[in-house]
Each structure stands twice: as C-alpha cells, then as structure tokens.
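*Asks:* Just so it is clear, I am handing over work12.txt, which has compact mmCIF, C-alpha atoms.
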# COMPACT_ATOMS: atom_id res chain seq x y z
CA MET Y 1319 -0.77 -11.68 -146.95
CA GLN Y 1320 -1.80 -9.22 -149.66
CA THR Y 1321 0.70 -8.72 -152.48
CA SER Y 1322 0.99 -5.86 -154.94
CA PRO Y 1323 0.01 -6.51 -158.56
CA PRO Y 1324 2.94 -6.98 -160.97
CA ALA Y 1325 2.06 -3.76 -162.83
CA PHE Y 1326 2.25 -1.79 -159.57
CA ARG Y 1327 5.60 -3.34 -158.65
CA ALA Y 1328 6.96 -2.52 -162.12
CA ARG Y 1329 5.87 1.10 -161.78
CA SER Y 1330 7.48 1.27 -158.34
CA ARG Y 1331 10.80 0.06 -159.74
CA LEU Y 1332 10.64 2.53 -162.63
CA LEU Y 1333 9.71 5.53 -160.47
CA PRO Y 1334 13.29 6.26 -159.28
CA VAL Y 1335 14.47 6.11 -162.90
CA LEU Y 1336 11.79 8.62 -163.90
CA LEU Y 1337 12.82 10.95 -161.07
CA LEU Y 1338 16.43 10.81 -162.24
CA VAL Y 1339 15.32 11.74 -165.78
CA LEU Y 1340 13.19 14.61 -164.48
CA THR Y 1341 16.15 16.19 -162.74
CA VAL Y 1342 18.17 16.54 -165.97
CA PHE Y 1343 15.72 17.26 -168.80
CA GLY Y 1344 15.62 20.95 -167.80
CA PRO Y 1345 19.40 21.50 -167.51
CA VAL Y 1346 20.03 19.58 -170.75
CA SER Y 1347 18.12 22.38 -172.47
CA MET Y 1348 21.13 24.59 -171.78
CA ASP Y 1349 23.71 22.15 -173.07
CA LEU Y 1350 22.06 20.56 -176.09
CA TYR Y 1351 21.91 23.59 -178.35
CA LEU Y 1352 25.30 25.13 -177.43
CA PRO Y 1353 27.02 23.64 -180.53
CA ALA Y 1354 24.46 25.45 -182.70
CA LEU Y 1355 24.77 28.80 -180.90
CA PRO Y 1356 27.10 30.38 -183.52
CA ALA Y 1357 24.74 29.42 -186.37
CA LEU Y 1358 21.77 30.71 -184.40
CA THR Y 1359 23.57 34.02 -183.89
CA ARG Y 1360 24.16 34.42 -187.62
CA GLN Y 1361 20.68 33.39 -188.74
CA LEU Y 1362 18.92 35.77 -186.34
CA ASP Y 1363 21.42 38.54 -187.12
CA ALA Y 1364 22.20 38.98 -183.43
CA ALA Y 1365 25.25 40.15 -181.54
CA THR Y 1366 27.18 37.41 -179.79
CA SER Y 1367 26.52 38.96 -176.37
CA THR Y 1368 22.78 39.10 -177.14
CA ALA Y 1369 22.69 35.50 -178.32
CA GLN Y 1370 24.39 34.43 -175.09
CA LEU Y 1371 21.41 35.89 -173.24
CA THR Y 1372 19.45 32.84 -174.45
CA VAL Y 1373 21.66 30.78 -172.13
CA THR Y 1374 21.30 33.29 -169.29
CA ALA Y 1375 17.51 33.38 -169.71
CA CYS Y 1376 17.30 29.60 -169.42
CA LEU Y 1377 19.50 29.69 -166.33
CA ILE Y 1378 17.33 32.33 -164.66
CA GLY Y 1379 14.23 30.36 -165.64
CA LEU Y 1380 15.55 27.17 -164.05
CA ALA Y 1381 16.05 29.06 -160.78
CA LEU Y 1382 12.62 30.76 -160.90
CA GLY Y 1383 10.86 27.56 -161.93
CA GLN Y 1384 12.08 25.75 -158.86
CA LEU Y 1385 11.16 28.64 -156.58
CA ILE Y 1386 7.61 28.68 -157.96
CA THR Y 1387 6.97 24.95 -158.31
CA GLY Y 1388 8.34 23.78 -154.96
CA PRO Y 1389 5.74 25.43 -152.70
CA LEU Y 1390 2.93 24.58 -155.12
CA SER Y 1391 3.91 20.91 -155.03
CA ASP Y 1392 3.73 20.95 -151.22
CA ARG Y 1393 0.24 22.46 -151.42
CA PHE Y 1394 -1.33 20.56 -154.33
CA GLY Y 1395 0.80 17.41 -154.52
CA ARG Y 1396 3.58 16.59 -156.97
CA SER Y 1397 1.51 15.37 -159.92
CA ARG Y 1398 -0.32 18.50 -161.05
CA PRO Y 1399 2.68 20.88 -160.98
CA LEU Y 1400 4.73 18.18 -162.70
CA TYR Y 1401 2.29 17.81 -165.59
CA VAL Y 1402 1.95 21.59 -165.94
CA GLY Y 1403 5.73 21.95 -165.96
CA VAL Y 1404 6.46 19.29 -168.56
CA ILE Y 1405 3.58 20.35 -170.82
CA GLY Y 1406 4.80 23.94 -170.52
CA TYR Y 1407 8.28 22.73 -171.44
CA VAL Y 1408 6.99 21.15 -174.64
CA VAL Y 1409 5.09 24.31 -175.61
CA ALA Y 1410 8.06 26.57 -174.81
CA SER Y 1411 10.44 24.36 -176.80
CA LEU Y 1412 8.18 24.65 -179.84
CA LEU Y 1413 8.02 28.42 -179.36
CA CYS Y 1414 11.83 28.45 -179.33
CA ALA Y 1415 11.85 26.49 -182.59
CA VAL Y 1416 9.62 29.02 -184.40
CA SER Y 1417 11.05 32.20 -182.83
CA PRO Y 1418 11.42 34.86 -185.55
CA SER Y 1419 13.86 37.05 -183.61
CA ILE Y 1420 16.50 36.83 -180.92
CA GLU Y 1421 14.25 38.81 -178.54
CA SER Y 1422 11.38 36.32 -178.85
CA LEU Y 1423 13.83 33.43 -178.45
CA ILE Y 1424 15.17 34.90 -175.21
CA ILE Y 1425 11.63 35.14 -173.82
CA ALA Y 1426 10.80 31.59 -174.94
CA ARG Y 1427 14.03 30.32 -173.35
CA LEU Y 1428 13.08 31.97 -170.06
CA VAL Y 1429 9.72 30.16 -170.13
CA GLN Y 1430 11.44 26.91 -171.11
CA GLY Y 1431 13.76 27.23 -168.13
CA ILE Y 1432 10.89 27.95 -165.74
CA ALA Y 1433 9.04 24.86 -166.97
CA GLY Y 1434 12.20 22.73 -166.84
CA GLY Y 1435 12.81 23.78 -163.24
CA ALA Y 1436 9.67 21.89 -162.24
CA GLY Y 1437 11.33 18.58 -163.01
CA ILE Y 1438 14.36 19.35 -160.83
CA VAL Y 1439 12.47 20.43 -157.74
CA ILE Y 1440 9.82 17.70 -157.92
CA ALA Y 1441 12.45 14.97 -158.43
CA GLN Y 1442 14.21 16.05 -155.24
CA ALA Y 1443 10.98 16.50 -153.29
CA ALA Y 1444 9.48 13.20 -154.45
CA GLY Y 1445 12.73 11.49 -153.48
CA ARG Y 1446 12.27 12.89 -149.98
CA ASP Y 1447 8.67 11.62 -150.02
CA ILE Y 1448 9.64 8.01 -150.65
CA TYR Y 1449 13.12 7.66 -149.12
CA THR Y 1450 14.62 8.14 -145.67
CA GLY Y 1451 18.00 7.51 -144.05
CA ASN Y 1452 20.74 5.92 -146.13
CA ALA Y 1453 18.36 5.29 -149.03
CA LEU Y 1454 17.76 9.04 -149.27
CA ILE Y 1455 21.51 9.72 -149.38
CA ARG Y 1456 21.97 7.09 -152.09
CA PHE Y 1457 19.18 8.64 -154.13
CA TYR Y 1458 20.72 12.11 -153.98
CA GLY Y 1459 24.04 10.54 -154.89
CA ARG Y 1460 22.42 9.10 -158.02
CA LEU Y 1461 20.99 12.52 -158.86
CA THR Y 1462 24.53 13.88 -158.74
CA VAL Y 1463 25.79 11.09 -161.00
CA ILE Y 1464 23.04 11.71 -163.53
CA GLY Y 1465 23.79 15.44 -163.47
CA GLY Y 1466 27.40 14.71 -164.42
CA LEU Y 1467 26.30 12.32 -167.14
CA ALA Y 1468 23.96 14.94 -168.61
CA ALA Y 1469 26.86 17.41 -168.75
CA ILE Y 1470 28.75 14.90 -170.91
CA ILE Y 1471 25.86 13.75 -173.09
CA GLY Y 1472 24.14 17.11 -173.68
CA PRO Y 1473 26.81 18.87 -175.77
CA GLN Y 1474 27.82 15.63 -177.50
CA LEU Y 1475 24.24 14.85 -178.49
CA GLY Y 1476 23.72 18.44 -179.59
CA GLY Y 1477 26.82 18.24 -181.76
CA GLN Y 1478 25.64 15.05 -183.45
CA LEU Y 1479 22.12 16.41 -184.01
CA SER Y 1480 23.59 19.60 -185.47
CA ARG Y 1481 25.00 17.49 -188.29
CA ILE Y 1482 21.51 16.57 -189.48
CA THR Y 1483 19.40 19.56 -188.42
CA ASP Y 1484 19.64 23.26 -187.59
CA TRP Y 1485 19.12 24.99 -184.24
CA ARG Y 1486 15.36 25.04 -184.75
CA GLY Y 1487 15.41 21.27 -185.18
CA LEU Y 1488 17.22 20.95 -181.85
CA PHE Y 1489 14.34 22.65 -180.08
CA VAL Y 1490 11.87 20.40 -181.89
CA PHE Y 1491 13.89 17.47 -180.56
CA LEU Y 1492 13.60 18.88 -177.01
CA ALA Y 1493 9.83 19.23 -177.48
CA ALA Y 1494 9.62 15.60 -178.61
CA LEU Y 1495 11.70 14.58 -175.60
CA GLY Y 1496 9.26 16.40 -173.34
CA ALA Y 1497 6.32 14.64 -175.00
CA VAL Y 1498 7.93 11.26 -174.37
CA ILE Y 1499 8.47 12.19 -170.72
CA ILE Y 1500 4.77 13.13 -170.40
CA ALA Y 1501 3.83 9.68 -171.68
CA VAL Y 1502 6.20 8.00 -169.23
CA ILE Y 1503 4.83 10.09 -166.35
CA ALA Y 1504 1.30 8.99 -167.24
CA VAL Y 1505 2.33 5.33 -167.09
CA VAL Y 1506 4.86 5.29 -164.25
CA TYR Y 1507 4.24 8.18 -161.88
CA ARG Y 1508 1.86 7.91 -158.98
CA GLU Y 1509 1.42 10.71 -156.47
CA THR Y 1510 4.11 10.50 -153.77
CA LEU Y 1511 2.65 13.13 -151.42
CA PRO Y 1512 -0.59 11.95 -149.77
CA THR Y 1513 -3.33 14.50 -149.15
CA ASP Y 1514 -2.90 14.36 -145.37
CA ARG Y 1515 0.77 15.38 -145.70
CA ARG Y 1516 0.16 18.44 -147.87
CA THR Y 1517 0.36 21.99 -146.59
CA VAL Y 1518 -2.69 24.20 -146.36
CA GLY Y 1519 -3.38 27.89 -146.84
CA GLY Y 1520 -2.74 30.44 -149.55
CA PHE Y 1521 0.20 32.61 -150.51
CA GLY Y 1522 0.47 34.00 -146.99
CA GLN Y 1523 1.06 30.49 -145.67
CA ILE Y 1524 3.66 29.86 -148.36
CA GLY Y 1525 5.46 32.98 -147.17
CA ARG Y 1526 5.40 31.66 -143.60
CA HIS Y 1527 6.85 28.37 -144.82
CA PHE Y 1528 9.72 30.23 -146.47
CA ARG Y 1529 10.32 32.14 -143.22
CA THR Y 1530 10.32 28.91 -141.24
CA LEU Y 1531 13.04 27.49 -143.46
CA LEU Y 1532 15.08 30.69 -143.53
CA ASP Y 1533 14.92 30.89 -139.73
CA ASP Y 1534 16.60 27.47 -139.54
CA ARG Y 1535 20.34 28.04 -139.18
CA ARG Y 1536 21.33 24.63 -140.49
CA PHE Y 1537 19.02 24.76 -143.49
CA VAL Y 1538 20.38 28.17 -144.50
CA GLY Y 1539 23.91 26.85 -144.00
CA ALA Y 1540 23.26 23.90 -146.31
CA VAL Y 1541 21.74 26.15 -148.97
CA LEU Y 1542 24.65 28.61 -148.82
CA THR Y 1543 27.21 25.81 -148.80
CA GLN Y 1544 25.70 24.22 -151.89
CA GLY Y 1545 25.17 27.57 -153.60
CA PHE Y 1546 28.78 28.69 -153.18
CA ALA Y 1547 30.16 25.26 -154.11
CA THR Y 1548 28.06 25.23 -157.27
CA ALA Y 1549 29.34 28.72 -158.08
CA ALA Y 1550 32.80 27.16 -158.40
CA ILE Y 1551 31.41 24.65 -160.91
CA PHE Y 1552 29.80 27.41 -162.99
CA GLY Y 1553 33.08 29.29 -162.90
CA TYR Y 1554 34.78 26.20 -164.27
CA LEU Y 1555 32.13 25.72 -166.97
CA SER Y 1556 32.38 29.32 -168.16
CA GLY Y 1557 36.17 29.56 -168.05
CA ALA Y 1558 37.58 26.11 -168.81
CA THR Y 1559 37.32 26.38 -172.58
CA TYR Y 1560 39.32 29.63 -172.61
CA VAL Y 1561 41.92 28.23 -170.23
CA LEU Y 1562 42.41 24.83 -171.84
CA GLN Y 1563 42.08 25.87 -175.48
CA GLY Y 1564 43.15 29.51 -175.44
CA ILE Y 1565 46.01 29.35 -172.93
CA TYR Y 1566 47.18 25.73 -173.08
CA GLY Y 1567 46.40 25.20 -176.75
CA LEU Y 1568 44.20 22.10 -176.58
CA SER Y 1569 42.32 21.17 -179.73
CA PRO Y 1570 38.51 20.88 -179.54
CA GLN Y 1571 38.88 17.08 -179.37
CA GLN Y 1572 41.45 17.30 -176.57
CA TYR Y 1573 39.25 19.76 -174.71
CA ALA Y 1574 36.31 17.37 -175.05
CA LEU Y 1575 38.45 14.62 -173.49
CA ALA Y 1576 39.46 16.87 -170.59
CA PHE Y 1577 35.85 17.96 -170.09
CA GLY Y 1578 34.71 14.35 -170.19
CA LEU Y 1579 37.33 13.39 -167.60
CA ASN Y 1580 36.08 16.04 -165.19
CA SER Y 1581 32.45 15.07 -165.78
CA ALA Y 1582 33.36 11.44 -165.11
CA GLY Y 1583 35.07 12.56 -161.90
CA PHE Y 1584 31.93 14.45 -160.93
CA MET Y 1585 29.87 11.30 -161.43
CA LEU Y 1586 32.34 9.05 -159.59
CA PHE Y 1587 32.73 11.22 -156.50
CA GLY Y 1588 29.01 11.96 -156.35
CA TYR Y 1589 28.36 8.22 -156.31
CA LEU Y 1590 31.08 7.56 -153.73
CA ALA Y 1591 29.71 10.27 -151.45
CA GLY Y 1592 26.31 8.61 -151.51
CA ARG Y 1593 27.90 5.32 -150.45
CA LEU Y 1594 30.46 6.74 -148.02
CA VAL Y 1595 27.89 8.46 -145.85
CA GLU Y 1596 26.35 5.07 -145.00
CA HIS Y 1597 29.54 4.13 -143.16
CA TRP Y 1598 30.49 7.57 -141.91
CA SER Y 1599 28.36 10.72 -141.44
CA VAL Y 1600 26.64 13.38 -143.49
CA THR Y 1601 28.74 16.23 -142.12
CA GLY Y 1602 31.95 14.20 -142.32
CA THR Y 1603 31.36 13.44 -145.99
CA LEU Y 1604 30.54 17.08 -146.63
CA ALA Y 1605 33.75 18.21 -144.91
CA VAL Y 1606 35.83 15.86 -147.05
CA GLY Y 1607 34.12 17.10 -150.21
CA LEU Y 1608 34.80 20.74 -149.35
CA ALA Y 1609 38.41 19.95 -148.47
CA MET Y 1610 38.87 18.28 -151.87
CA ALA Y 1611 37.23 21.18 -153.67
CA GLY Y 1612 39.38 23.66 -151.78
CA ALA Y 1613 42.57 21.79 -152.65
CA GLY Y 1614 41.63 21.78 -156.32
CA ALA Y 1615 40.71 25.47 -156.32
CA LEU Y 1616 44.00 26.39 -154.64
CA GLY Y 1617 45.78 24.38 -157.31
CA LEU Y 1618 44.08 26.51 -159.98
CA LEU Y 1619 45.02 29.66 -158.08
CA ALA Y 1620 48.64 28.51 -157.96
CA CYS Y 1621 48.54 27.93 -161.73
CA GLY Y 1622 47.39 31.52 -162.13
CA LEU Y 1623 50.15 32.91 -159.94
CA VAL Y 1624 52.95 30.72 -161.25
CA ALA Y 1625 53.14 29.20 -164.73
CA LEU Y 1626 52.50 25.51 -164.07
CA PRO Y 1627 52.19 22.74 -166.67
CA LEU Y 1628 48.89 21.49 -168.11
CA PRO Y 1629 48.73 18.26 -166.02
CA VAL Y 1630 48.57 20.37 -162.83
CA VAL Y 1631 45.59 22.29 -164.24
CA ILE Y 1632 43.79 19.10 -165.27
CA ILE Y 1633 44.36 17.43 -161.90
CA SER Y 1634 43.31 20.58 -160.02
CA LEU Y 1635 40.09 20.80 -162.03
CA LEU Y 1636 39.36 17.12 -161.43
CA ILE Y 1637 39.90 17.41 -157.66
CA MET Y 1638 37.79 20.56 -157.42
CA VAL Y 1639 34.92 19.17 -159.49
CA GLY Y 1640 35.04 15.85 -157.63
CA GLY Y 1641 34.97 17.66 -154.28
CA VAL Y 1642 31.89 19.68 -155.23
CA ALA Y 1643 30.20 16.47 -156.40
CA ALA Y 1644 31.02 14.78 -153.09
CA SER Y 1645 29.50 17.70 -151.18
CA THR Y 1646 26.23 17.69 -153.13
CA PRO Y 1647 24.43 14.60 -151.67
CA PRO Y 1648 25.12 15.54 -148.02
CA THR Y 1649 24.12 19.20 -148.43
CA THR Y 1650 20.92 18.18 -150.20
CA THR Y 1651 20.15 15.76 -147.38
CA ILE Y 1652 20.83 18.35 -144.68
CA ALA Y 1653 18.52 20.81 -146.43
CA LEU Y 1654 15.62 18.40 -147.00
CA ALA Y 1655 15.81 15.70 -144.32
CA ASP Y 1656 14.19 17.67 -141.48
CA TYR Y 1657 11.29 19.00 -143.57
CA PRO Y 1658 9.39 16.09 -145.13
CA GLN Y 1659 6.20 18.17 -145.17
CA LEU Y 1660 7.99 21.08 -146.90
CA ALA Y 1661 10.26 19.09 -149.19
CA GLY Y 1662 9.13 20.99 -152.28
CA THR Y 1663 9.63 24.42 -150.71
CA ALA Y 1664 13.00 23.44 -149.24
CA SER Y 1665 14.13 21.96 -152.55
CA SER Y 1666 13.08 25.12 -154.39
CA LEU Y 1667 15.32 27.32 -152.23
CA LEU Y 1668 18.22 24.91 -152.60
CA GLY Y 1669 17.83 24.74 -156.38
CA MET Y 1670 17.45 28.50 -156.72
CA ALA Y 1671 20.69 29.06 -154.81
CA ARG Y 1672 22.58 26.67 -157.09
CA TYR Y 1673 21.64 28.46 -160.27
CA ALA Y 1674 21.57 32.01 -158.87
CA PHE Y 1675 25.00 31.77 -157.26
CA GLY Y 1676 26.38 30.08 -160.36
CA GLY Y 1677 24.94 32.74 -162.62
CA VAL Y 1678 26.56 35.49 -160.56
CA ALA Y 1679 29.97 33.80 -160.42
CA ALA Y 1680 30.32 32.83 -164.08
CA PRO Y 1681 30.91 36.30 -165.60
CA PHE Y 1682 33.75 37.09 -163.16
CA VAL Y 1683 35.91 34.35 -164.66
CA GLY Y 1684 36.34 36.42 -167.82
CA ILE Y 1685 36.89 39.72 -166.05
CA ALA Y 1686 40.60 39.82 -167.02
CA GLY Y 1687 40.10 38.47 -170.53
CA ALA Y 1688 41.08 35.06 -171.88
CA ALA Y 1689 44.84 35.40 -171.49
CA THR Y 1690 45.21 34.25 -167.88
CA ILE Y 1691 43.94 31.47 -165.63
CA LEU Y 1692 44.15 33.67 -162.53
CA PRO Y 1693 40.46 34.80 -162.51
CA LEU Y 1694 39.33 31.17 -162.60
CA GLY Y 1695 41.60 30.39 -159.65
CA VAL Y 1696 40.38 33.41 -157.69
CA VAL Y 1697 36.67 32.78 -158.35
CA THR Y 1698 36.79 29.06 -157.51
CA SER Y 1699 38.97 29.57 -154.41
CA LEU Y 1700 36.73 32.34 -153.08
CA ALA Y 1701 33.57 30.31 -153.79
CA ILE Y 1702 34.85 27.25 -151.94
CA LEU Y 1703 36.13 29.41 -149.06
CA LEU Y 1704 32.66 30.93 -148.67
CA ALA Y 1705 31.11 27.45 -148.87
CA ALA Y 1706 33.43 26.26 -146.10
CA ILE Y 1707 32.58 29.28 -143.93
CA ALA Y 1708 28.85 28.61 -144.41
CA PHE Y 1709 29.37 24.97 -143.44
CA VAL Y 1710 31.45 25.68 -140.33
CA THR Y 1711 29.31 28.53 -139.03
CA LEU Y 1712 25.83 27.38 -140.01
CA ALA Y 1713 25.45 23.89 -141.49
CA ARG Y 1714 27.11 21.82 -138.77
CA PRO Y 1715 24.70 20.20 -136.28
CA ASN Y 1716 23.53 22.29 -133.35
CA ARG Y 1717 23.62 20.38 -130.07
CA THR Y 1718 20.33 21.92 -129.01
CA ARG Y 1719 18.69 21.11 -132.33
CA SER Y 1720 17.41 17.68 -131.29
CA SER Y 1721 15.48 19.21 -128.40
CA ARG Y 1722 13.81 21.85 -130.58
CA ARG Y 1723 10.48 21.27 -132.28
CA ILE Y 1724 9.17 23.30 -135.19
CA GLU Y 1725 5.49 23.44 -135.96
CA VAL Y 1726 4.51 23.91 -139.63
CA SER Y 1727 0.88 23.69 -140.65
CA GLY Y 1728 0.18 21.46 -137.67
CA VAL Y 1729 2.99 19.04 -138.44
CA GLY Y 1730 5.84 18.74 -135.94
CA VAL Y 1731 9.42 18.40 -137.07
CA GLY Y 1732 12.08 17.44 -134.57
Would you give me this structure, written as structure tokens?

*Replies:*
Amino acid sequence: MQTSPPAFRARSRLLPVLLLVLTVFGPVSMDLYLPALPALTRQLDAATSTAQLTVTACLIGLALGQLITGPLSDRFGRSRPLYVGVIGYVVASLLCAVSPSIESLIIARLVQGIAGGAGIVIAQAAGRDIYTGNALIRFYGRLTVIGGLAAIIGPQLGGQLSRITDWRGLFVFLAALGAVIIAVIAVVYRETLPTDRRTVGGFGQIGRHFRTLLDDRRFVGAVLTQGFATAAIFGYLSGATYVLQGIYGLSPQQYALAFGLNSAGFMLFGYLAGRLVEHWSVTGTLAVGLAMAGAGALGLLACGLVALPLPVVIISLLIMVGGVAASTPPTTTIALADYPQLAGTASSLLGMARYAFGGVAAPFVGIAGAATILPLGVVTSLAILLAAIAFVTLARPNRTRSSRRIEVSGVGVG
C-alpha cells in the first residue's frame, strides 16, 4: 500500500488552516485601521464623511473582488487567481500607506478590497473542492467562527498598533501580513481544482454559468437569505456604538466588552450550527438560526418602542447575532453543495450579496440620528423578516429537485 510522504501529509493538515486565514485577511483590512481613522482624517485634511468613504470603498471592493475572482477560479483553477489576489493586496496596501490625499487613499482602498475578496471566495470554493457532507458543514462552521474572531481581534490589534505607529504604519503592517500569507501559500497550498473539473469557454460561458445559478430557485433563496441576514449584522455594526455609548452611556471599555460578548456569541453559535446539522438537517438548522435572529431583532424593536433597560438590549443583540451566525453555515452549504464544478462562481454571488446587502442596510440605522434605538430595531427586524421570506419561499427543498438534472459545461449536477 502506497503512503503519502510526511511533507505532503503536513501540507494537507495545514491547508484547512490556510483557507480559514484566507477568508479573514480581506475583511480585517476594514477593522484594523478603524482606531486610526480620526487621525487619518486630520492628517489628510478630509471631512469625516469623506474619510468614511475609505471604509465604504473597501466594502465595495470586497464584493466586487469575489464577483470577479469566483468565475476565474472555476476556469483557471484556484492557485493563479489566489496568487494574483494576495500579491495585489500587498501592492494595494503599500499604495494606501503612501497615499498623499484622501482621494488616492479611497481608490487604493477599493483596489485593496477587490484583492482581499479573492481570499474569501477561494477559501469557500476550495473548501467545496475538498469537503462533502458533514465535513463541508463543519468547515463552513469554522469559517463563521473565524469571522467572529477576526471581528474581535481586528479593532483590538489596530488599537495596539496605533500606540506605536500611525495609520500609514498600519497599512505597512497589512502589506507585511499579505507577504507572509504569500509565503505560506507557496509552502502549503496545492491546487484543489483538477484540470478535468474546470469550466471551459470565455466570458460568454461565464455569463451562462451565472444564469444557470440564478435560474436555480433554491440557490437564489440561499443567497437572498444570507444577504438579508448579513444586512442585520451590518446594521448592528454601524449602529451599536451609538446605541450603547450614546444612548445607554457605556464607556469605550464597557462597549468593547459588550462588542466582544456578541462576537463570542457569533463564534459559539456558528460552531454549534456546524455541529448541529450533523444530527439534524441543513434546513432545520437554518430555520432555528433565523428564528433566533428574529427574536433578537424584535427585542431591539421593542427597546426602540418602549424604554427598556440595557440588559434587554445586550441580550437581544446577542440572540440576533448568534442567530445570524447559526444561519451562515447552512445557507453557505445550500448555495454551494449542488455546484461543485461552479463553486467559485456560486461563492462569488453569495459573497457579493453579503457585502452589498450589508452596505445598503448600514446607513439606514442612522437615519433618525443617534438619539434613538428605533432605527436599529426596524432595520434588523425588516432584514430578518426578508431573510425568512426568502427561506420559506425559495430556499427550502423542492420535492421535484432530486429528479431534475442541470447540465453545465458537460458536467451533470443532480
């Protein structure tokens, strides 16, 4: 019996770890420099609203990067788009560090986001390449856990680095982080999509692949469910600091504790969802997650309609965030499981929806100013309601689905 060399086995064990890192190094670009945003605004003599566009540009870039990279990774394999993305991330981070004006920084942040989006989409697609069944669910559960951990570590690390360097130094740090990831990819990563499983054709064929996915009722339902659920999270991220500090009077340290609690809840329930589905079902786990998120959002809405104490707000936020986390592994699985040959394209649409829906929802939280929690309750409740409608009407299994066969580039998918 032939055995694998020790070096190969070591790389195989490290590959899932690398994929988990790839899924967060792009989003951490948004979080790491937030503590230095006020200083950046002053040094570049920019308006606060203009400086905040550096965050928006990165967000848009993360969505576009996934939409671009996903189909290319199905066509050319995961390795080449991955290297291009991470190398582009390093270059863009250095351009951010030397930007002479706020306008050039916004452009560099857009490019940085596009490059960072490559890591997200390829991590999800490569996971689909190497895992199936319960192992796939567990992997997506781990991605959710790591996403919550990055939300905790990013701002904290940025705050500590800001004590020893300025905002330009933070971008140099991100460039160095990207360089380290390139070195790890060179040692650990081996192509997960064989040549015979890649798609063929040019841009016209890519367009047909997108149409194939968008014609699938359940795929669209999973994308919409995840997009709307993530919109609730972005509403929380954009409004929580005003609610907890401005309305309830928490100090920055107390706010950090509350934020850390919710991020820990996100990690915990994302992990539990990945384990629960092994003993239950994908749709059952998703339904529970949406029910939790809905209960938490309604709690926030009640706090906006009636003056309720701080513990009710904290618990409502925790339940809502935990419910969205629990819904993430099953929706990702529903979206990607039936399209192993289009995992990159499917992942790109899913990732774009997360960031696009979140970017649209976030500004509405501040529509009534910072003196009331009601907009946060309305935005999160409406987002979860729309997610539930998408799940019930589209994402649940179709009884005739198992008898249908889709042909994509000569590959049949049941």

*Asks:* Of the candidates Y:Gly1640, Y:Gly1406, Y:Gly1662, Y:Gly1588, which one gets nearest to Ile1438 in chain Y if we count all atoms listed in the file?

*Replies:*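 Result for the nearest residue to Ile1438 in chain Y: Y:Gly1662.
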
*Asks:* From the list Y:Thr1368, Y:Thr1711, Y:Thr1646, Y:Ser1666, which residue is nearest Gly1459 in chain Y when using all atoms listed in the file?

*Replies:* Y:Thr1646

*Asks:* Provide the CA of Leu1413 in chain Y to CA of Thr1341 in chain Y distance in Å, to one decimal place.

*Replies:*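 So the answer is 22.2 Å.
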
*Asks:* Tell me, in Å to one decimal, how far CA of Trp1485 in chain Y is from CA of Gln1361 in chain Y.

*Replies:*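 For CA of Trp1485 in chain Y relative to CA of Gln1361 in chain Y, the distance reads 9.7 Å.
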
*Asks:* Using all atoms listed in the file, find each residue of range 1343-1437 of chain Y with at least one atom at most 10 Å away from an atom of range 1491-1504 of chain Y; report its shortest atom-to-atom pair and that distance in Å (one decimal), sort the rows by chain and rising residue number, and return the result as a Markdown table.

*Replies:*
| residue | atom | partner | partner_atom | distance |
| --- | --- | --- | --- | --- |
| Y:Phe1343 | CA | Y:Gly1496 | CA | 7.9 |
| Y:Gly1344 | CA | Y:Gly1496 | CA | 9.6 |
| Y:Val1346 | CA | Y:Leu1492 | CA | 9.0 |
| Y:Ser1347 | CA | Y:Leu1492 | CA | 7.3 |
| Y:Leu1350 | CA | Y:Leu1492 | CA | 8.7 |
| Y:Tyr1351 | CA | Y:Leu1492 | CA | 9.6 |
| Y:Ser1397 | CA | Y:Ile1503 | CA | 9.0 |
| Y:Leu1400 | CA | Y:Ile1503 | CA | 8.9 |
| Y:Tyr1401 | CA | Y:Ile1500 | CA | 7.2 |
| Y:Val1402 | CA | Y:Ile1500 | CA | 10.0 |
| Y:Gly1403 | CA | Y:Gly1496 | CA | 9.9 |
| Y:Val1404 | CA | Y:Gly1496 | CA | 6.2 |
| Y:Ile1405 | CA | Y:Ile1500 | CA | 7.3 |
| Y:Gly1406 | CA | Y:Gly1496 | CA | 9.2 |
| Y:Tyr1407 | CA | Y:Gly1496 | CA | 6.7 |
| Y:Val1408 | CA | Y:Ala1493 | CA | 4.5 |
| Y:Val1409 | CA | Y:Ala1493 | CA | 7.2 |
| Y:Ala1410 | CA | Y:Ala1493 | CA | 8.0 |
| Y:Ser1411 | CA | Y:Ala1493 | CA | 5.2 |
| Y:Leu1412 | CA | Y:Ala1493 | CA | 6.1 |
| Y:Leu1413 | CA | Y:Ala1493 | CA | 9.6 |
| Y:Cys1414 | CA | Y:Ala1493 | CA | 9.6 |
| Y:Ala1415 | CA | Y:Ala1493 | CA | 9.1 |
| Y:Gly1434 | CA | Y:Gly1496 | CA | 9.5 |

*Asks:* Pick out the residues sitting within 10 Å of Ile1524 in chain Y, and hand them over as number ranges by chain; count all atoms listed in the file, and ignore anything fewer than 4 positions along from it in its own chain.

*Replies:* Y: 1389-1390, 1392-1393, 1517-1520, 1528-1530, 1660, 1663

*Asks:* Could you tell me how far CA of Phe1489 in chain Y lies from CA of Cys1376 in chain Y, in Å and to one decimal?

*Replies:*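 So the two atoms, CA of Phe1489 in chain Y and CA of Cys1376 in chain Y, lie 13.1 Å apart.
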
*Asks:* Please work out which residues fall within 10 Å of (10.8, 9.2, -152.5), coordinates as given in the file, with all atoms listed in the file counting, and return them as an NGL selection string.

*Replies:* :Y and (1333-1334 or 1337 or 1441-1450 or 1453-1454 or 1457 or 1510-1511)

*Asks:* Return the single residue from Y:Tyr1657, Y:Ile1455, Y:Val1630, Y:Leu1385 that is closest to His1597 in chain Y, with distances computed using only C-alpha atoms.

*Replies:* Y:Ile1455

*Asks:* Nearest residue to Ala1433 in chain Y out of Y:Gly1379, Y:Pro1512, Y:Gly1614, Y:Gly1592, using only C-alpha atoms?

*Replies:*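 With only C-alpha atoms as the atom set, the closest residue is Y:Gly1379.
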
*Asks:* Between Y:Gly1607, Y:Pro1399, Y:Pro1345, Y:Gly1437, which residue has the minimum interatomic distance to Ile1378 in chain Y, considering all atoms listed in the file?

*Replies:*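 Answer, going by the shortest atom-to-atom distance: Y:Pro1345.
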
*Asks:* Could you name the residues that touch Ala1615 in chain Y at 7 Å or less, counting only C-alpha atoms, but leaving out those on the same chain fewer than 3 positions away, as an mmCIF file with C-alpha atoms, in the coordinates of the input?

*Replies:*
data_model
loop_
_atom_site.group_PDB
_atom_site.id
_atom_site.type_symbol
_atom_site.label_atom_id
_atom_site.label_comp_id
_atom_site.auth_asym_id
_atom_site.auth_seq_id
_atom_site.Cartn_x
_atom_site.Cartn_y
_atom_site.Cartn_z
ATOM 1 C CA ALA Y 1611 37.230 21.180 -153.670
ATOM 2 C CA GLY Y 1612 39.380 23.660 -151.780
ATOM 3 C CA LEU Y 1618 44.080 26.510 -159.980
ATOM 4 C CA LEU Y 1619 45.020 29.660 -158.080
ATOM 5 C CA SER Y 1634 43.310 20.580 -160.020
ATOM 6 C CA MET Y 1638 37.790 20.560 -157.420
ATOM 7 C CA GLY Y 1695 41.600 30.390 -159.650
ATOM 8 C CA THR Y 1698 36.790 29.060 -157.510
ATOM 9 C CA SER Y 1699 38.970 29.570 -154.410
#

*Asks:* Here is a test: counting all atoms listed in the file, which residue of Y:Pro1648, Y:Ser1581, Y:Tyr1566, Y:Arg1516 is nearest to Cys1621 in chain Y?

*Replies:* Y:Tyr1566
